[in-house]
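**Student:** Next comes entry02.cif, mmCIF, N, CA and C atoms:
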data_query
loop_
_atom_site.label_atom_id
_atom_site.label_comp_id
_atom_site.auth_asym_id
_atom_site.auth_seq_id
_atom_site.Cartn_x
_atom_site.Cartn_y
_atom_site.Cartn_z
N MET D 1 14.63 115.75 30.03
CA MET D 1 15.08 117.10 29.80
C MET D 1 15.37 117.27 28.31
N SER D 2 14.90 118.36 27.74
CA SER D 2 15.09 118.59 26.31
C SER D 2 16.55 118.94 26.02
N SER D 3 16.91 118.76 24.74
CA SER D 3 18.28 119.06 24.34
C SER D 3 18.59 120.55 24.48
N ARG D 4 17.57 121.39 24.29
CA ARG D 4 17.76 122.84 24.44
C ARG D 4 18.07 123.20 25.89
N SER D 5 17.35 122.63 26.84
CA SER D 5 17.60 122.94 28.25
C SER D 5 18.93 122.35 28.71
N GLN D 6 19.31 121.19 28.14
CA GLN D 6 20.63 120.62 28.45
C GLN D 6 21.74 121.54 27.95
N PHE D 7 21.53 122.07 26.74
CA PHE D 7 22.51 122.99 26.17
C PHE D 7 22.64 124.24 27.04
N CYS D 8 21.51 124.82 27.46
CA CYS D 8 21.52 126.03 28.30
C CYS D 8 22.20 125.75 29.63
N LYS D 9 21.91 124.60 30.20
CA LYS D 9 22.51 124.24 31.49
C LYS D 9 24.03 124.08 31.34
N ALA D 10 24.47 123.44 30.26
CA ALA D 10 25.91 123.27 30.01
C ALA D 10 26.58 124.61 29.74
N LEU D 11 25.90 125.48 29.02
CA LEU D 11 26.43 126.80 28.72
C LEU D 11 26.62 127.61 30.00
N ILE D 12 25.61 127.61 30.86
CA ILE D 12 25.70 128.35 32.13
C ILE D 12 26.80 127.77 33.00
N ALA D 13 26.92 126.46 33.05
CA ALA D 13 27.98 125.83 33.85
C ALA D 13 29.36 126.22 33.32
N GLY D 14 29.50 126.24 32.00
CA GLY D 14 30.77 126.64 31.39
C GLY D 14 31.11 128.09 31.68
N LEU D 15 30.12 128.98 31.60
CA LEU D 15 30.36 130.39 31.89
C LEU D 15 30.74 130.60 33.35
N MET D 16 30.07 129.88 34.25
CA MET D 16 30.38 129.99 35.67
C MET D 16 31.80 129.50 35.94
N ALA D 17 32.21 128.41 35.30
CA ALA D 17 33.56 127.88 35.49
C ALA D 17 34.59 128.87 34.96
N ALA D 18 34.31 129.49 33.81
CA ALA D 18 35.24 130.47 33.25
C ALA D 18 35.33 131.70 34.14
N ALA D 19 34.22 132.14 34.69
CA ALA D 19 34.22 133.33 35.55
C ALA D 19 35.00 133.09 36.83
N THR D 20 34.88 131.91 37.39
CA THR D 20 35.61 131.63 38.63
C THR D 20 37.08 131.41 38.38
N ALA D 21 37.45 131.05 37.16
CA ALA D 21 38.86 130.83 36.85
C ALA D 21 39.59 132.14 36.57
N LEU D 22 38.87 133.22 36.31
CA LEU D 22 39.52 134.49 36.02
C LEU D 22 40.20 135.04 37.27
N PRO D 23 41.41 135.56 37.13
CA PRO D 23 42.12 136.11 38.28
C PRO D 23 41.70 137.55 38.55
N CYS D 24 40.43 137.78 38.84
CA CYS D 24 39.96 139.15 39.00
C CYS D 24 40.04 139.64 40.43
N LEU D 25 40.18 138.75 41.40
CA LEU D 25 40.27 139.19 42.78
C LEU D 25 41.71 139.06 43.26
N GLY D 26 42.20 140.12 43.89
CA GLY D 26 43.53 140.10 44.47
C GLY D 26 43.50 139.38 45.81
N VAL D 27 44.66 139.33 46.44
CA VAL D 27 44.75 138.63 47.72
C VAL D 27 43.99 139.35 48.82
N ASP D 28 43.77 140.65 48.68
CA ASP D 28 43.05 141.40 49.70
C ASP D 28 41.54 141.42 49.45
N GLY D 29 41.06 140.70 48.45
CA GLY D 29 39.64 140.61 48.17
C GLY D 29 39.12 141.69 47.23
N GLN D 30 39.97 142.67 46.88
CA GLN D 30 39.55 143.69 45.93
C GLN D 30 39.82 143.20 44.52
N PRO D 31 39.00 143.63 43.57
CA PRO D 31 39.29 143.26 42.17
C PRO D 31 40.67 143.78 41.78
N SER D 32 41.38 143.03 40.96
CA SER D 32 42.75 143.40 40.60
C SER D 32 42.82 144.71 39.83
N PHE D 33 41.74 145.08 39.11
CA PHE D 33 41.80 146.31 38.33
C PHE D 33 41.79 147.56 39.20
N VAL D 34 41.46 147.44 40.49
CA VAL D 34 41.45 148.61 41.37
C VAL D 34 42.85 149.19 41.51
N LYS D 35 43.84 148.32 41.62
CA LYS D 35 45.21 148.79 41.80
C LYS D 35 45.97 148.91 40.50
N GLU D 36 45.41 148.42 39.41
CA GLU D 36 46.05 148.52 38.11
C GLU D 36 45.59 149.79 37.43
N GLY D 37 46.23 150.15 36.35
CA GLY D 37 45.84 151.31 35.59
C GLY D 37 44.61 151.05 34.74
N LEU D 38 44.14 152.08 34.13
CA LEU D 38 42.97 151.96 33.27
C LEU D 38 43.31 151.31 31.94
N TYR D 39 44.57 151.34 31.58
CA TYR D 39 45.01 150.80 30.31
C TYR D 39 45.98 149.65 30.55
N VAL D 40 46.18 148.84 29.54
CA VAL D 40 47.09 147.72 29.66
C VAL D 40 48.47 148.20 30.08
N ALA D 41 48.97 149.20 29.42
CA ALA D 41 50.26 149.79 29.78
C ALA D 41 50.01 151.26 30.07
N ASN D 42 50.16 151.65 31.32
CA ASN D 42 49.86 153.02 31.68
C ASN D 42 51.11 153.79 32.07
N ALA D 43 52.25 153.33 31.60
CA ALA D 43 53.50 153.99 31.92
C ALA D 43 54.44 153.92 30.73
N ALA D 44 55.32 154.90 30.64
CA ALA D 44 56.29 154.94 29.55
C ALA D 44 57.49 155.76 29.99
N PRO D 45 58.66 155.46 29.45
CA PRO D 45 59.85 156.20 29.83
C PRO D 45 59.93 157.58 29.18
N VAL D 46 60.59 158.48 29.87
CA VAL D 46 60.85 159.81 29.32
C VAL D 46 61.96 159.68 28.29
N ALA D 47 61.76 160.25 27.11
CA ALA D 47 62.77 160.20 26.06
C ALA D 47 63.76 161.35 26.21
N GLU D 48 63.23 162.56 26.42
CA GLU D 48 64.09 163.73 26.57
C GLU D 48 63.30 164.90 27.12
N VAL D 49 64.03 165.90 27.57
CA VAL D 49 63.42 167.15 28.03
C VAL D 49 63.99 168.26 27.17
N LEU D 50 63.10 168.98 26.50
CA LEU D 50 63.51 170.07 25.61
C LEU D 50 63.31 171.39 26.33
N ALA D 51 64.39 172.15 26.45
CA ALA D 51 64.31 173.45 27.12
C ALA D 51 63.67 174.46 26.19
N GLY D 52 62.74 175.22 26.73
CA GLY D 52 62.07 176.25 25.97
C GLY D 52 62.25 177.60 26.63
N GLU D 53 61.84 178.66 25.93
CA GLU D 53 61.97 180.01 26.48
C GLU D 53 61.11 180.20 27.71
N LYS D 54 59.87 179.76 27.65
CA LYS D 54 58.94 179.99 28.75
C LYS D 54 58.69 178.74 29.59
N SER D 55 58.81 177.57 28.98
CA SER D 55 58.62 176.32 29.72
C SER D 55 59.34 175.19 29.01
N ASP D 56 59.64 174.15 29.77
CA ASP D 56 60.30 172.98 29.20
C ASP D 56 59.25 171.98 28.73
N LEU D 57 59.61 171.21 27.74
CA LEU D 57 58.71 170.21 27.17
C LEU D 57 59.30 168.82 27.43
N VAL D 58 58.50 167.95 27.99
CA VAL D 58 58.93 166.58 28.28
C VAL D 58 58.41 165.68 27.16
N VAL D 59 59.30 164.97 26.51
CA VAL D 59 58.93 164.04 25.45
C VAL D 59 58.92 162.64 26.05
N ILE D 60 57.80 161.95 25.91
CA ILE D 60 57.62 160.62 26.49
C ILE D 60 57.58 159.60 25.35
N GLU D 61 58.31 158.50 25.52
CA GLU D 61 58.41 157.48 24.46
C GLU D 61 57.09 156.82 24.14
N GLY D 62 56.21 156.66 25.07
CA GLY D 62 54.90 156.05 24.80
C GLY D 62 53.88 157.14 24.52
N GLY D 63 52.93 156.83 23.73
CA GLY D 63 51.88 157.79 23.41
C GLY D 63 50.52 157.12 23.54
N LEU D 64 49.74 157.20 22.50
CA LEU D 64 48.41 156.60 22.51
C LEU D 64 48.47 155.10 22.78
N SER D 65 49.52 154.44 22.29
CA SER D 65 49.65 152.99 22.50
C SER D 65 49.86 152.65 23.97
N GLN D 66 50.33 153.59 24.77
CA GLN D 66 50.52 153.37 26.20
C GLN D 66 49.35 153.89 27.01
N GLY D 67 48.33 154.43 26.33
CA GLY D 67 47.17 154.95 27.04
C GLY D 67 47.29 156.41 27.41
N LEU D 68 48.32 157.08 26.93
CA LEU D 68 48.51 158.50 27.24
C LEU D 68 47.67 159.36 26.30
N ARG D 69 46.76 160.10 26.87
CA ARG D 69 45.85 160.95 26.09
C ARG D 69 46.03 162.41 26.49
N ARG D 70 45.74 163.30 25.56
CA ARG D 70 45.84 164.73 25.83
C ARG D 70 44.94 165.10 27.01
N GLY D 71 45.48 165.89 27.92
CA GLY D 71 44.74 166.34 29.09
C GLY D 71 44.99 165.51 30.34
N MET D 72 45.63 164.35 30.20
CA MET D 72 45.92 163.51 31.36
C MET D 72 47.10 164.09 32.14
N ILE D 73 47.09 163.83 33.43
CA ILE D 73 48.22 164.20 34.28
C ILE D 73 49.00 162.94 34.57
N CYS D 74 50.31 163.03 34.46
CA CYS D 74 51.19 161.90 34.73
C CYS D 74 52.17 162.27 35.83
N CYS D 75 52.51 161.27 36.62
CA CYS D 75 53.56 161.40 37.62
C CYS D 75 54.85 160.91 36.99
N ILE D 76 55.91 161.67 37.15
CA ILE D 76 57.23 161.24 36.69
C ILE D 76 57.95 160.67 37.91
N GLU D 77 58.40 159.43 37.80
CA GLU D 77 59.03 158.74 38.93
C GLU D 77 60.42 158.26 38.56
N ARG D 78 61.28 158.25 39.56
CA ARG D 78 62.61 157.67 39.43
C ARG D 78 62.86 156.85 40.68
N ASN D 79 63.16 155.58 40.53
CA ASN D 79 63.39 154.68 41.67
C ASN D 79 62.21 154.72 42.65
N ASN D 80 60.99 154.71 42.11
CA ASN D 80 59.75 154.73 42.90
C ASN D 80 59.58 155.99 43.74
N ARG D 81 60.25 157.07 43.37
CA ARG D 81 60.08 158.34 44.07
C ARG D 81 59.54 159.37 43.08
N LEU D 82 58.59 160.17 43.54
CA LEU D 82 57.96 161.17 42.69
C LEU D 82 58.96 162.29 42.39
N VAL D 83 59.16 162.55 41.11
CA VAL D 83 60.06 163.61 40.67
C VAL D 83 59.26 164.83 40.24
N ALA D 84 58.17 164.60 39.48
CA ALA D 84 57.40 165.71 38.94
C ALA D 84 56.01 165.24 38.53
N GLU D 85 55.16 166.21 38.22
CA GLU D 85 53.87 165.95 37.60
C GLU D 85 53.83 166.74 36.31
N VAL D 86 53.31 166.09 35.26
CA VAL D 86 53.25 166.74 33.94
C VAL D 86 51.85 166.61 33.37
N LEU D 87 51.54 167.49 32.43
CA LEU D 87 50.25 167.50 31.73
C LEU D 87 50.51 167.15 30.28
N ILE D 88 49.86 166.08 29.80
CA ILE D 88 50.01 165.66 28.40
C ILE D 88 49.30 166.69 27.52
N ILE D 89 50.04 167.28 26.59
CA ILE D 89 49.45 168.29 25.70
C ILE D 89 49.30 167.80 24.26
N ALA D 90 50.01 166.71 23.92
CA ALA D 90 49.89 166.11 22.59
C ALA D 90 50.25 164.64 22.71
N SER D 91 49.55 163.81 21.96
CA SER D 91 49.83 162.38 22.00
C SER D 91 49.66 161.78 20.62
N HIS D 92 50.64 161.02 20.21
CA HIS D 92 50.64 160.31 18.95
C HIS D 92 50.80 158.82 19.26
N PRO D 93 50.74 157.94 18.29
CA PRO D 93 50.81 156.51 18.61
C PRO D 93 52.00 156.10 19.49
N ASN D 94 53.18 156.64 19.24
CA ASN D 94 54.36 156.21 20.00
C ASN D 94 55.10 157.32 20.72
N ARG D 95 54.56 158.52 20.73
CA ARG D 95 55.20 159.66 21.40
C ARG D 95 54.14 160.54 22.03
N ALA D 96 54.52 161.19 23.12
CA ALA D 96 53.64 162.17 23.75
C ALA D 96 54.51 163.33 24.21
N ALA D 97 53.90 164.50 24.30
CA ALA D 97 54.59 165.69 24.80
C ALA D 97 53.82 166.21 26.00
N ALA D 98 54.57 166.70 26.99
CA ALA D 98 53.94 167.14 28.23
C ALA D 98 54.61 168.40 28.76
N LEU D 99 53.83 169.20 29.48
CA LEU D 99 54.35 170.38 30.17
C LEU D 99 54.48 170.05 31.65
N ILE D 100 55.50 170.59 32.29
CA ILE D 100 55.74 170.34 33.71
C ILE D 100 54.80 171.19 34.54
N LEU D 101 54.03 170.54 35.42
CA LEU D 101 53.13 171.24 36.34
C LEU D 101 53.82 171.50 37.67
N GLN D 102 54.49 170.48 38.19
CA GLN D 102 55.18 170.55 39.47
C GLN D 102 56.45 169.74 39.36
N ILE D 103 57.48 170.18 40.07
CA ILE D 103 58.71 169.40 40.10
C ILE D 103 59.29 169.47 41.51
N ALA D 104 59.83 168.36 41.96
CA ALA D 104 60.41 168.30 43.31
C ALA D 104 61.62 169.22 43.37
N ARG D 105 61.84 169.75 44.55
CA ARG D 105 62.95 170.68 44.77
C ARG D 105 64.30 170.04 44.45
N GLU D 106 65.13 170.80 43.79
CA GLU D 106 66.50 170.40 43.45
C GLU D 106 66.58 169.09 42.67
N THR D 107 65.61 168.86 41.79
CA THR D 107 65.66 167.69 40.91
C THR D 107 65.41 168.13 39.48
N THR D 108 65.71 167.24 38.58
CA THR D 108 65.42 167.45 37.16
C THR D 108 64.81 166.18 36.61
N ILE D 109 64.05 166.32 35.56
CA ILE D 109 63.52 165.15 34.86
C ILE D 109 64.60 164.68 33.90
N GLN D 110 64.86 163.39 33.92
CA GLN D 110 65.93 162.83 33.10
C GLN D 110 65.40 161.74 32.18
N PRO D 111 66.06 161.54 31.03
CA PRO D 111 65.67 160.42 30.17
C PRO D 111 65.74 159.12 30.96
N GLY D 112 64.74 158.26 30.78
CA GLY D 112 64.68 157.00 31.51
C GLY D 112 63.76 157.05 32.71
N ASP D 113 63.43 158.27 33.20
CA ASP D 113 62.43 158.38 34.26
C ASP D 113 61.12 157.83 33.72
N ILE D 114 60.25 157.36 34.59
CA ILE D 114 59.00 156.74 34.15
C ILE D 114 57.84 157.70 34.34
N ALA D 115 57.08 157.91 33.26
CA ALA D 115 55.85 158.71 33.30
C ALA D 115 54.70 157.73 33.47
N ARG D 116 53.93 157.90 34.54
CA ARG D 116 52.82 156.99 34.85
C ARG D 116 51.54 157.81 34.98
N ILE D 117 50.46 157.35 34.37
CA ILE D 117 49.18 158.06 34.45
C ILE D 117 48.77 158.18 35.91
N LYS D 118 48.42 159.38 36.30
CA LYS D 118 47.98 159.61 37.68
C LYS D 118 46.52 159.18 37.79
N THR D 119 46.26 158.28 38.70
CA THR D 119 44.91 157.79 38.92
C THR D 119 44.52 158.05 40.37
N PHE D 120 43.25 158.09 40.62
CA PHE D 120 42.72 158.33 41.95
C PHE D 120 41.96 157.10 42.39
N GLN D 121 42.05 156.80 43.68
CA GLN D 121 41.35 155.63 44.22
C GLN D 121 40.50 156.08 45.40
N ASN D 122 39.22 155.79 45.33
CA ASN D 122 38.32 156.07 46.45
C ASN D 122 38.39 154.89 47.39
N SER D 123 38.44 155.20 48.69
CA SER D 123 38.47 154.09 49.64
C SER D 123 37.26 154.08 50.52
#
Reformat the file's structure so that it appears as structure tokens.
**Tutor:**
Amino acid sequence: MSSRSQFCKALIAGLMAAATALPCLGVDGQPSFVKEGLYVANAAPVAEVLAGEKSDLVVIEGGLSQGLRRGMICCIERNNRLVAEVLIIASHPNRAAALILQIARETTIQPGDIARIKTFQNS
């Protein structure tokens, strides 16, 4: 066997070993990225809510660095319960601003609530 074919065989074996070592499948057999967000960090805490004349503005501590982009819809959660849905209208490296689309009855958005990118999963 030539040295070139030995090299190719070793390279393929190494790639196969690396691919099988990756934790890409969850315990249910689905790839792990199915249940994860599209970005490394797809959530950020609410910094404050600014009252406005016509609508309130939600300031989120994470921005582009958290994967928050203009036009995205985020769910605002507190203790794993949905509080509101917001629309990102501006995003900078470490801050984002959002308008409230929906809010649960008799609740308010508070600093420390978590804004998480709303994703859809086909089953």
**Student:** Assuming the chain letters and numbering stay as they are in my file, what does the PyMOL selection byres ((chain D and resi 91-97) around 7) actually select? List them as a list in words.
**Tutor:** Leu57, Val58, Val59, Ile60, Glu61, Gly62, Gly63, Leu64, Ser65, Gln66, Leu68, Arg69, Arg70, Leu87, Ile88, Ile89, Ala90, Ala98 and Leu99 of chain D
**Student:** Would you work out the distance separating atom N of Lys54 of chain D from atom CA of Gly67 of chain D, expressed in Å to one decimal?
**Tutor:**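 Between atom N of Lys54 of chain D and atom CA of Gly67 of chain D the gap is 27.9 Å.
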**Student:** Taking the file as shown, what set of residues would the PyMOL selection byres ((chain D and resi 43-46) around 6) give back, as a PyMOL selection string?
**Tutor:** chain D and resi 41-42+47-48+59-62+66+110-117
**Student:** What separation in Å, quoted to one decimal, exists between atom N of Asn79 of chain D and atom C of Gly52 of chain D?
**Tutor:** 26.1 Å
**Student:** To one decimal place, how far is atom C of Thr119 of chain D from atom N of Ala51 of chain D in Å?
**Tutor:** 28.1 Å
**Student:** So what does the PyMOL selection byres (((chain D and resi 82 and name CA) around 10) and name CA) actually pick up in this one, as a list in words?
**Tutor:**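 What the PyMOL selection byres (((chain D and resi 82 and name CA) around 10) and name CA) grabs from the file is Cys75, Ile76, Glu77, Arg78, Asn79, Asn80, Arg81, Val83, Ala84, Glu85, Ile103, Ala104, Asp113, Ile114 and Ala115 of chain D.
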